[in-house]
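Shown next: run-v2.json, given as JSON, C-alpha atoms.
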[["chain", "number", "residue", "atom", "x", "y", "z"],
["H", 1, "MET", "CA", 127.45, 118.25, 131.01],
["H", 2, "ARG", "CA", 125.64, 120.53, 128.63],
["H", 3, "ASN", "CA", 123.25, 123.05, 130.13],
["H", 4, "TYR", "CA", 119.87, 122.37, 128.59],
["H", 5, "ASP", "CA", 118.16, 125.64, 129.31],
["H", 6, "GLU", "CA", 114.79, 126.43, 127.72],
["H", 7, "GLU", "CA", 116.32, 128.23, 124.78],
["H", 8, "THR", "CA", 118.71, 125.38, 123.97],
["H", 9, "LEU", "CA", 115.94, 122.83, 124.21],
["H", 10, "ALA", "CA", 113.71, 124.92, 121.97],
["H", 11, "VAL", "CA", 116.43, 125.15, 119.33],
["H", 12, "LEU", "CA", 117.15, 121.42, 119.46],
["H", 13, "LEU", "CA", 113.46, 120.49, 119.27],
["H", 14, "ARG", "CA", 113.05, 122.76, 116.26],
["H", 15, "THR", "CA", 116.03, 121.13, 114.58],
["H", 16, "LEU", "CA", 114.21, 117.88, 113.88],
["H", 17, "PRO", "CA", 110.90, 118.56, 112.12],
["H", 18, "ALA", "CA", 108.83, 115.54, 111.16],
["H", 19, "ALA", "CA", 109.54, 113.95, 107.79],
["H", 20, "PRO", "CA", 106.57, 114.06, 105.38],
["H", 21, "THR", "CA", 103.96, 111.54, 106.51],
["H", 22, "ALA", "CA", 103.76, 109.79, 103.14],
["H", 23, "TRP", "CA", 107.52, 109.16, 103.11],
["H", 24, "VAL", "CA", 107.41, 107.67, 106.59],
["H", 25, "LYS", "CA", 104.44, 105.48, 105.71],
["H", 26, "ALA", "CA", 106.14, 104.19, 102.55],
["H", 27, "ALA", "CA", 109.29, 103.33, 104.50],
["H", 28, "GLN", "CA", 107.23, 101.61, 107.18],
["H", 29, "GLU", "CA", 105.60, 99.47, 104.49],
["H", 30, "ILE", "CA", 108.90, 98.12, 103.16],
["H", 31, "PRO", "CA", 108.40, 94.69, 104.78],
["H", 32, "LEU", "CA", 104.92, 94.53, 103.26],
["H", 33, "ALA", "CA", 106.23, 95.63, 99.88],
["H", 34, "ARG", "CA", 108.74, 92.80, 100.02],
["H", 35, "ARG", "CA", 105.85, 90.46, 100.58],
["H", 36, "GLY", "CA", 104.09, 91.67, 97.44],
["H", 37, "LEU", "CA", 101.96, 94.66, 98.46],
["H", 38, "ASP", "CA", 102.90, 96.74, 95.40],
["H", 39, "ASP", "CA", 102.14, 93.84, 93.02],
["H", 40, "ILE", "CA", 98.81, 93.12, 94.67],
["H", 41, "VAL", "CA", 97.67, 96.75, 94.59],
["H", 42, "GLU", "CA", 98.73, 97.19, 90.96],
["H", 43, "ARG", "CA", 96.93, 94.01, 89.92],
["H", 44, "ALA", "CA", 93.81, 94.98, 91.87],
["H", 45, "ARG", "CA", 93.71, 98.31, 90.07],
["H", 46, "SER", "CA", 93.89, 96.73, 86.63],
["H", 47, "ASP", "CA", 91.93, 93.51, 87.27],
["H", 48, "ILE", "CA", 88.37, 94.20, 88.42],
["H", 49, "ALA", "CA", 87.59, 90.57, 89.22],
["H", 50, "PHE", "CA", 90.68, 90.29, 91.42],
["H", 51, "ARG", "CA", 89.79, 93.55, 93.13],
["H", 52, "GLU", "CA", 86.23, 92.41, 93.85],
["H", 53, "ALA", "CA", 87.48, 89.07, 95.13],
["H", 54, "LEU", "CA", 89.85, 90.92, 97.46],
["H", 55, "PHE", "CA", 86.99, 92.93, 98.89],
["H", 56, "LEU", "CA", 84.90, 89.79, 99.42],
["H", 57, "ASP", "CA", 87.58, 87.56, 100.92],
["H", 58, "ALA", "CA", 91.08, 89.00, 100.94],
["H", 59, "GLU", "CA", 92.75, 86.10, 102.75],
["H", 60, "SER", "CA", 91.53, 83.39, 100.37],
["H", 61, "THR", "CA", 92.10, 85.53, 97.28],
["H", 62, "LEU", "CA", 95.69, 86.27, 98.26],
["H", 63, "ASP", "CA", 96.25, 82.66, 99.16],
["H", 64, "GLU", "CA", 94.93, 81.47, 95.80],
["H", 65, "ALA", "CA", 97.05, 84.05, 93.98],
["H", 66, "GLY", "CA", 100.14, 82.73, 95.73],
["H", 67, "TYR", "CA", 100.72, 85.65, 98.09],
["H", 68, "ASP", "CA", 101.45, 85.66, 101.76],
["H", 69, "HIS", "CA", 98.22, 86.67, 103.53],
["H", 70, "ASP", "CA", 99.33, 87.75, 106.98],
["H", 71, "PRO", "CA", 97.00, 90.22, 108.72],
["H", 72, "ALA", "CA", 99.28, 93.24, 108.27],
["H", 73, "LEU", "CA", 99.48, 92.67, 104.51],
["H", 74, "VAL", "CA", 95.72, 92.18, 104.24],
["H", 75, "GLU", "CA", 95.08, 95.37, 106.19],
["H", 76, "ALA", "CA", 97.53, 97.32, 104.03],
["H", 77, "VAL", "CA", 95.90, 96.01, 100.84],
["H", 78, "ARG", "CA", 92.47, 97.08, 102.10],
["H", 79, "GLU", "CA", 93.79, 100.49, 103.06],
["H", 80, "HIS", "CA", 95.39, 101.04, 99.65],
["H", 81, "LEU", "CA", 92.24, 99.99, 97.80],
["H", 82, "SER", "CA", 89.75, 101.88, 99.90],
["H", 83, "PRO", "CA", 88.23, 104.85, 98.05],
["P", 1, "MET", "CA", 106.66, 107.78, 132.66],
["P", 2, "ALA", "CA", 107.48, 105.46, 129.75],
["P", 3, "VAL", "CA", 110.78, 103.61, 129.59],
["P", 4, "ALA", "CA", 111.99, 103.76, 126.01],
["P", 5, "GLU", "CA", 113.29, 100.65, 124.33],
["P", 6, "THR", "CA", 116.97, 101.02, 123.48],
["P", 7, "ASP", "CA", 118.12, 101.18, 119.87],
["P", 8, "ALA", "CA", 119.78, 97.78, 120.28],
["P", 9, "GLN", "CA", 116.59, 96.20, 121.63],
["P", 10, "LEU", "CA", 114.57, 97.68, 118.80],
["P", 11, "VAL", "CA", 117.02, 96.45, 116.14],
["P", 12, "ALA", "CA", 116.99, 92.99, 117.71],
["P", 13, "ARG", "CA", 113.21, 92.93, 117.49],
["P", 14, "CYS", "CA", 113.35, 94.01, 113.83],
["P", 15, "ARG", "CA", 115.64, 91.09, 113.11],
["P", 16, "THR", "CA", 112.97, 88.65, 114.23],
["P", 17, "GLY", "CA", 110.73, 89.93, 111.43],
["P", 18, "ASP", "CA", 108.49, 91.98, 113.73],
["P", 19, "ASP", "CA", 106.73, 94.51, 111.47],
["P", 20, "ASP", "CA", 105.72, 96.66, 114.43],
["P", 21, "ALA", "CA", 109.36, 96.96, 115.43],
["P", 22, "TRP", "CA", 110.27, 98.04, 111.90],
["P", 23, "ARG", "CA", 107.54, 100.69, 111.91],
["P", 24, "GLU", "CA", 108.86, 101.94, 115.22],
["P", 25, "LEU", "CA", 112.44, 102.02, 113.92],
["P", 26, "VAL", "CA", 111.36, 104.10, 110.91],
["P", 27, "ASP", "CA", 109.40, 106.36, 113.23],
["P", 28, "ARG", "CA", 112.38, 106.78, 115.56],
["P", 29, "PHE", "CA", 114.89, 107.70, 112.83],
["P", 30, "SER", "CA", 112.76, 109.28, 110.09],
["P", 31, "ARG", "CA", 113.32, 112.84, 111.31],
["P", 32, "TYR", "CA", 117.05, 112.23, 111.55],
["P", 33, "VAL", "CA", 117.45, 110.81, 108.05],
["P", 34, "TYR", "CA", 115.21, 113.53, 106.63],
["P", 35, "ALA", "CA", 117.17, 116.26, 108.39],
["P", 36, "ILE", "CA", 120.53, 114.99, 107.16],
["P", 37, "ALA", "CA", 119.25, 115.05, 103.58],
["P", 38, "VAL", "CA", 117.61, 118.48, 103.67],
["P", 39, "GLN", "CA", 119.68, 120.33, 106.27],
["P", 40, "ALA", "CA", 123.21, 118.92, 105.98],
["P", 41, "PHE", "CA", 123.15, 118.29, 102.22],
["P", 42, "ARG", "CA", 120.38, 120.73, 101.27],
["P", 43, "LEU", "CA", 118.87, 118.30, 98.79],
["P", 44, "PRO", "CA", 115.70, 119.37, 97.00],
["P", 45, "GLU", "CA", 112.57, 117.56, 98.24],
["P", 46, "ALA", "CA", 112.39, 115.09, 95.33],
["P", 47, "ASP", "CA", 116.00, 114.01, 95.77],
["P", 48, "ALA", "CA", 115.61, 113.92, 99.54],
["P", 49, "GLU", "CA", 112.62, 111.62, 99.18],
["P", 50, "ASP", "CA", 114.60, 109.23, 96.96],
["P", 51, "VAL", "CA", 117.46, 109.18, 99.46],
["P", 52, "PHE", "CA", 115.05, 108.73, 102.37],
["P", 53, "GLN", "CA", 113.38, 105.68, 100.79],
["P", 54, "GLU", "CA", 116.69, 104.19, 99.68],
["P", 55, "VAL", "CA", 118.19, 104.57, 103.15],
["P", 56, "PHE", "CA", 115.35, 102.63, 104.75],
["P", 57, "ALA", "CA", 115.22, 100.04, 101.96],
["P", 58, "ARG", "CA", 118.93, 99.33, 102.40],
["P", 59, "ALA", "CA", 118.63, 99.43, 106.16],
["P", 60, "TYR", "CA", 115.88, 96.81, 106.01],
["P", 61, "GLN", "CA", 117.94, 94.67, 103.66],
["P", 62, "ASN", "CA", 121.18, 94.96, 105.60],
["P", 63, "LEU", "CA", 119.98, 95.02, 109.17],
["P", 64, "PRO", "CA", 121.07, 91.40, 109.69],
["P", 65, "LYS", "CA", 124.63, 92.40, 108.78],
["P", 66, "LEU", "CA", 124.87, 95.22, 111.32],
["P", 67, "ARG", "CA", 127.76, 94.31, 113.62],
["P", 68, "ASN", "CA", 126.65, 96.39, 116.58],
["P", 69, "ASP", "CA", 122.91, 96.83, 117.11],
["P", 70, "ALA", "CA", 123.46, 99.84, 119.37],
["P", 71, "ALA", "CA", 125.23, 101.62, 116.49],
["P", 72, "ILE", "CA", 122.16, 101.85, 114.26],
["P", 73, "ARG", "CA", 122.13, 105.66, 114.46],
["P", 74, "PRO", "CA", 125.68, 106.30, 113.18],
["P", 75, "TRP", "CA", 125.19, 103.53, 110.65],
["P", 76, "LEU", "CA", 122.07, 105.25, 109.28],
["P", 77, "ALA", "CA", 123.87, 108.59, 109.32],
["P", 78, "GLN", "CA", 126.75, 107.17, 107.30],
["P", 79, "LEU", "CA", 124.40, 105.49, 104.84],
["P", 80, "THR", "CA", 122.36, 108.67, 104.39],
["P", 81, "ARG", "CA", 125.51, 110.70, 103.94],
["P", 82, "ARG", "CA", 126.83, 108.35, 101.25],
["P", 83, "LEU", "CA", 123.53, 108.31, 99.35],
["P", 84, "CYS", "CA", 123.23, 112.11, 99.52],
["P", 85, "LEU", "CA", 126.71, 112.43, 98.05],
["P", 86, "ASP", "CA", 125.88, 109.93, 95.30],
["P", 87, "THR", "CA", 122.80, 112.01, 94.46],
["P", 88, "ILE", "CA", 124.78, 115.25, 94.32],
["P", 89, "ARG", "CA", 127.43, 113.62, 92.13],
["P", 90, "ALA", "CA", 124.85, 112.11, 89.81],
["P", 91, "GLY", "CA", 123.29, 115.53, 89.38],
["P", 92, "ALA", "CA", 126.62, 117.12, 88.55],
["P", 93, "ARG", "CA", 127.95, 114.59, 86.07],
["P", 94, "GLU", "CA", 128.71, 117.23, 83.50],
["P", 95, "GLN", "CA", 131.07, 119.03, 85.84],
["P", 96, "PRO", "CA", 134.64, 117.73, 85.76],
["P", 97, "GLY", "CA", 136.48, 116.83, 88.97],
["P", 98, "GLU", "CA", 135.53, 115.54, 92.37],
["P", 99, "ILE", "CA", 132.36, 116.95, 93.94],
["P", 100, "PRO", "CA", 133.09, 117.79, 97.58],
["P", 101, "GLU", "CA", 130.65, 117.49, 100.45],
["P", 102, "PRO", "CA", 128.83, 120.74, 101.24],
["P", 103, "VAL", "CA", 130.59, 122.84, 103.88],
["P", 104, "GLY", "CA", 129.61, 122.13, 107.48],
["P", 105, "VAL", "CA", 128.15, 118.63, 107.07],
["P", 106, "ASP", "CA", 130.00, 117.27, 110.12],
["P", 107, "ASP", "CA", 128.82, 120.14, 112.30],
["P", 108, "THR", "CA", 125.25, 119.82, 111.09],
["P", 109, "ILE", "CA", 125.16, 116.07, 111.71],
["P", 110, "ALA", "CA", 126.64, 116.60, 115.20],
["P", 111, "ARG", "CA", 123.84, 119.09, 115.89],
["P", 112, "LEU", "CA", 121.25, 116.61, 114.55],
["P", 113, "ASP", "CA", 122.73, 113.89, 116.78],
["P", 114, "GLU", "CA", 122.18, 116.07, 119.79],
["P", 115, "ALA", "CA", 118.68, 116.97, 118.63],
["P", 116, "LEU", "CA", 117.89, 113.27, 118.30],
["P", 117, "PHE", "CA", 119.24, 112.71, 121.79],
["P", 118, "VAL", "CA", 116.77, 115.31, 123.05],
["P", 119, "HIS", "CA", 113.98, 113.71, 121.01],
["P", 120, "ASP", "CA", 114.74, 110.33, 122.54],
["P", 121, "ALA", "CA", 114.35, 111.89, 125.97],
["P", 122, "LEU", "CA", 111.15, 113.57, 124.83],
["P", 123, "ALA", "CA", 109.76, 110.14, 123.89],
["P", 124, "THR", "CA", 109.88, 109.08, 127.54],
["P", 125, "LEU", "CA", 107.72, 112.01, 128.76],
["P", 126, "PRO", "CA", 103.96, 111.66, 129.24],
["P", 127, "ASP", "CA", 102.02, 111.77, 125.96],
["P", 128, "ASN", "CA", 100.55, 115.22, 126.64],
["P", 129, "CYS", "CA", 104.05, 116.70, 127.02],
["P", 130, "GLN", "CA", 105.36, 114.97, 123.91],
["P", 131, "GLU", "CA", 102.41, 116.24, 121.92],
["P", 132, "ILE", "CA", 102.51, 119.84, 123.07],
["P", 133, "LEU", "CA", 106.30, 120.24, 122.73],
["P", 134, "ASP", "CA", 106.36, 118.58, 119.32],
["P", 135, "ARG", "CA", 103.48, 120.66, 118.04],
["P", 136, "PHE", "CA", 104.90, 123.93, 119.30],
["P", 137, "PHE", "CA", 108.58, 123.49, 118.47],
["P", 138, "ALA", "CA", 108.93, 120.89, 115.71],
["P", 139, "ARG", "CA", 105.68, 121.62, 113.87],
["P", 140, "ASP", "CA", 105.67, 125.34, 114.62],
["P", 141, "GLU", "CA", 101.96, 125.38, 115.49],
["P", 142, "SER", "CA", 100.34, 128.41, 117.15],
["P", 143, "TYR", "CA", 98.87, 128.40, 120.67],
["P", 144, "ARG", "CA", 95.40, 128.59, 119.13],
["P", 145, "LEU", "CA", 95.98, 125.61, 116.83],
["P", 146, "ILE", "CA", 97.43, 123.54, 119.66],
["P", 147, "GLY", "CA", 94.59, 124.53, 121.97],
["P", 148, "ASP", "CA", 92.00, 123.51, 119.37],
["P", 149, "ALA", "CA", 93.75, 120.23, 118.57],
["P", 150, "LEU", "CA", 94.25, 119.18, 122.18],
["P", 151, "ASP", "CA", 91.07, 120.74, 123.49],
["P", 152, "ILE", "CA", 92.79, 122.88, 126.10],
["P", 153, "PRO", "CA", 92.52, 126.66, 126.63],
["P", 154, "ALA", "CA", 95.04, 128.54, 124.49],
["P", 155, "GLY", "CA", 95.84, 130.73, 127.49],
["P", 156, "THR", "CA", 97.35, 127.80, 129.35],
["P", 157, "ILE", "CA", 99.62, 126.57, 126.55],
["P", 158, "ALA", "CA", 102.66, 128.68, 127.49],
["P", 159, "SER", "CA", 102.67, 127.46, 131.08],
["P", 160, "ARG", "CA", 102.17, 123.86, 129.96],
["P", 161, "ILE", "CA", 105.09, 124.16, 127.54],
["P", 162, "SER", "CA", 107.24, 125.57, 130.31],
["P", 163, "ARG", "CA", 106.34, 122.73, 132.69],
["P", 164, "CYS", "CA", 107.01, 120.13, 130.01],
["P", 165, "LEU", "CA", 110.40, 121.69, 129.25],
["P", 166, "VAL", "CA", 111.28, 121.36, 132.94],
["P", 167, "LYS", "CA", 110.35, 117.66, 132.78],
["P", 168, "LEU", "CA", 112.41, 117.25, 129.63],
["P", 169, "ARG", "CA", 115.42, 118.91, 131.21],
["P", 170, "SER", "CA", 115.07, 116.68, 134.23],
["P", 171, "GLU", "CA", 114.98, 113.60, 131.99],
["P", 172, "LEU", "CA", 118.10, 114.80, 130.14],
["P", 173, "GLU", "CA", 120.02, 115.29, 133.37],
["P", 174, "GLY", "CA", 120.02, 111.53, 133.88],
["P", 175, "ARG", "CA", 121.34, 110.81, 130.42],
["P", 176, "LYS", "CA", 124.67, 111.11, 128.68],
["P", 177, "HIS", "CA", 124.93, 112.22, 125.09],
["P", 178, "VAL", "CA", 127.45, 110.06, 123.22],
["P", 179, "PRO", "CA", 128.73, 111.51, 119.94],
["P", 180, "ALA", "CA", 128.28, 109.27, 116.90],
["P", 181, "GLU", "CA", 130.84, 106.69, 115.80],
["P", 182, "SER", "CA", 130.75, 104.51, 112.72],
["P", 183, "GLY", "CA", 128.85, 101.30, 113.33],
["P", 184, "GLY", "CA", 128.50, 99.43, 110.01]]
Kindly transcribe the structure held in the file into structure tokens.
Amino acid sequence: MRNYDEETLAVLLRTLPAAPTAWVKAAQEIPLARRGLDDIVERARSDIAFREALFLDAESTLDEAGYDHDPALVEAVREHLSP
Amino acid sequence: MAVAETDAQLVARCRTGDDDAWRELVDRFSRYVYAIAVQAFRLPEADAEDVFQEVFARAYQNLPKLRNDAAIRPWLAQLTRRLCLDTIRAGAREQPGEIPEPVGVDDTIARLDEALFVHDALATLPDNCQEILDRFFARDESYRLIGDALDIPAGTIASRISRCLVKLRSELEGRKHVPAESGG
């Protein structure tokens, strides 16, 4: 069994720095992206009426536009569109 | 002390479409994938980011095909390795002949495997220990910065780090590091 003295542990802990936060977040949003997050955000940025409707009632707006409107997707849309 | 979910349990949860499980899986392996790209293959940041996103996109897509849920780590390592090589080859199209892997990739990945093993053990320690060890070692923060962030006197940081390292060592004593094998 390897001897994990303080120096060894310090070296091994230093070996794995955190990946950039934005990369991790983007990877974590892959399931949401598959459910249309990117499309929704792009449309909201170019279509003011759609954007305003999202702010007023995201669930119904997404539903009417034919998107899945599960809570995680709605929350991610709001987060991406918040100033 | 927290009992960490095994890799196999986490993968199984991802397969049910649980978004929280996917976020946790990315969180668990993001450092590893990142380190393979930038340490083993020395990719520039922009290329490393492309590889990083592609690895997780393909992992998400192909998770249902994984034959052995417990082998997610070597599977991700192999996928990252292949995509890093593709990136290097694409960037060197003008050069004739086969582009070899950089020297020492196997050794570096073995070292990263062991570092991930230690990180997994770290994840079972109390939150305050995880935070202080990660800030000091992985994020290279000063005693003052850590003290300010965690609202504890800077003069006590060294002793806290030492105590947390003892806990980490104790946690590792009950575990066995298994070198990676191919799992895809």
**Report entry** Shortest interatomic distance to Ala37 of chain P - which of P:Leu76, P:Ala57, P:Leu125, P:Ala71, counting only C-alpha atoms
**Finding:**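 For Ala37 of chain P, the nearest of the given residues is P:Leu76.
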Requested in this report: Name the residues in contact with segment 5-7 of chain H at a cut-off of 12 Å, using all atoms listed in the file, excluding same-chain residues fewer than 6 positions from it; report them as a PyMOL selection string.
Outcome: (chain H and resi 13-14) or (chain P and resi 133+137+161-170+172-173)
Query - Length of the atom CA of Ala76 of chain H to atom CA of Arg34 of chain H vector [Å] - result: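 Taking atom CA of Ala76 of chain H and atom CA of Arg34 of chain H, their separation equals 12.7 Å.
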Query raised in the report: Any idea what the distance is between atom CA of Ala12 of chain P and atom CA of Arg28 of chain P?
Result: 14.7 Å
Query raised in the report: If you count all atoms listed in the file, which residues fall within 10 Å of Pro102 of chain P, apart from same-chain ones fewer than 6 positions away, as a ChimeraX atom specification?
Result: /P:40-42,85,88
**Report entry** Expected answer as a count of residues only: chain H residues within 7 Å of chain P, all atoms listed in the file
**Finding:** 17
Centre, edges in Å (one decimal): axis-aligned box, segment 52-70 of chain P, 8 Å padding on all six sides, as JSON:
{"center_x": 120.6, "center_y": 100.1, "center_z": 109.5, "size_x": 30.4, "size_y": 33.3, "size_z": 35.7}
Taking only C-alpha atoms, show segment 53-107 of chain P of the given structure as a PDB file, in the first residue's frame.
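Ended up saving to result16.pdb:
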ATOM      1  CA  GLN P  53     -17.044  19.684 -24.313  1.00  0.00           C
ATOM      2  CA  GLU P  54     -16.846  16.925 -26.926  1.00  0.00           C
ATOM      3  CA  VAL P  55     -15.890  14.334 -24.312  1.00  0.00           C
ATOM      4  CA  PHE P  56     -18.929  15.122 -22.195  1.00  0.00           C
ATOM      5  CA  ALA P  57     -21.250  15.434 -25.202  1.00  0.00           C
ATOM      6  CA  ARG P  58     -20.200  11.979 -26.404  1.00  0.00           C
ATOM      7  CA  ALA P  59     -20.321  10.586 -22.899  1.00  0.00           C
ATOM      8  CA  TYR P  60     -23.896  11.814 -22.531  1.00  0.00           C
ATOM      9  CA  GLN P  61     -24.825  10.355 -25.901  1.00  0.00           C
ATOM     10  CA  ASN P  62     -23.137   7.005 -25.355  1.00  0.00           C
ATOM     11  CA  LEU P  63     -23.691   6.408 -21.680  1.00  0.00           C
ATOM     12  CA  PRO P  64     -26.436   3.858 -22.416  1.00  0.00           C
ATOM     13  CA  LYS P  65     -23.910   1.805 -24.407  1.00  0.00           C
ATOM     14  CA  LEU P  66     -21.334   1.613 -21.608  1.00  0.00           C
ATOM     15  CA  ARG P  67     -20.871  -2.086 -20.865  1.00  0.00           C
ATOM     16  CA  ASN P  68     -19.576  -1.682 -17.334  1.00  0.00           C
ATOM     17  CA  ASP P  69     -20.892   1.257 -15.311  1.00  0.00           C
ATOM     18  CA  ALA P  70     -18.000   1.015 -12.857  1.00  0.00           C
ATOM     19  CA  ALA P  71     -15.564   1.584 -15.739  1.00  0.00           C
ATOM     20  CA  ILE P  72     -16.709   5.127 -16.491  1.00  0.00           C
ATOM     21  CA  ARG P  73     -13.336   6.591 -15.478  1.00  0.00           C
ATOM     22  CA  PRO P  74     -11.128   4.564 -17.859  1.00  0.00           C
ATOM     23  CA  TRP P  75     -13.775   4.976 -20.539  1.00  0.00           C
ATOM     24  CA  LEU P  76     -13.633   8.775 -20.186  1.00  0.00           C
ATOM     25  CA  ALA P  77      -9.843   8.646 -20.124  1.00  0.00           C
ATOM     26  CA  GLN P  78      -9.757   6.668 -23.355  1.00  0.00           C
ATOM     27  CA  LEU P  79     -12.279   8.971 -25.015  1.00  0.00           C
ATOM     28  CA  THR P  80     -10.362  12.075 -23.933  1.00  0.00           C
ATOM     29  CA  ARG P  81      -7.119  10.564 -25.122  1.00  0.00           C
ATOM     30  CA  ARG P  82      -8.560   9.760 -28.555  1.00  0.00           C
ATOM     31  CA  LEU P  83     -10.061  13.233 -28.986  1.00  0.00           C
ATOM     32  CA  CYS P  84      -6.815  14.915 -27.887  1.00  0.00           C
ATOM     33  CA  LEU P  85      -4.919  12.907 -30.491  1.00  0.00           C
ATOM     34  CA  ASP P  86      -7.475  13.797 -33.172  1.00  0.00           C
ATOM     35  CA  THR P  87      -7.008  17.469 -32.275  1.00  0.00           C
ATOM     36  CA  ILE P  88      -3.223  17.239 -32.476  1.00  0.00           C
ATOM     37  CA  ARG P  89      -3.424  15.434 -35.814  1.00  0.00           C
ATOM     38  CA  ALA P  90      -5.909  17.933 -37.220  1.00  0.00           C
ATOM     39  CA  GLY P  91      -3.558  20.746 -36.260  1.00  0.00           C
ATOM     40  CA  ALA P  92      -0.613  19.076 -37.951  1.00  0.00           C
ATOM     41  CA  ARG P  93      -2.220  18.102 -41.239  1.00  0.00           C
ATOM     42  CA  GLU P  94       0.528  19.689 -43.263  1.00  0.00           C
ATOM     43  CA  GLN P  95       3.157  17.473 -41.695  1.00  0.00           C
ATOM     44  CA  PRO P  96       3.621  14.122 -43.438  1.00  0.00           C
ATOM     45  CA  GLY P  97       3.598  10.867 -41.468  1.00  0.00           C
ATOM     46  CA  GLU P  98       1.952   9.604 -38.329  1.00  0.00           C
ATOM     47  CA  ILE P  99       1.745  12.010 -35.393  1.00  0.00           C
ATOM     48  CA  PRO P 100       2.757  10.141 -32.236  1.00  0.00           C
ATOM     49  CA  GLU P 101       1.326  10.708 -28.778  1.00  0.00           C
ATOM     50  CA  PRO P 102       3.383  13.113 -26.664  1.00  0.00           C
ATOM     51  CA  VAL P 103       6.001  11.364 -24.525  1.00  0.00           C
ATOM     52  CA  GLY P 104       4.862  10.270 -21.071  1.00  0.00           C
ATOM     53  CA  VAL P 105       1.089  10.226 -21.632  1.00  0.00           C
ATOM     54  CA  ASP P 106       0.666   6.842 -19.913  1.00  0.00           C
ATOM     55  CA  ASP P 107       2.644   7.972 -16.876  1.00  0.00           C
TER      56      ASP P 107
END
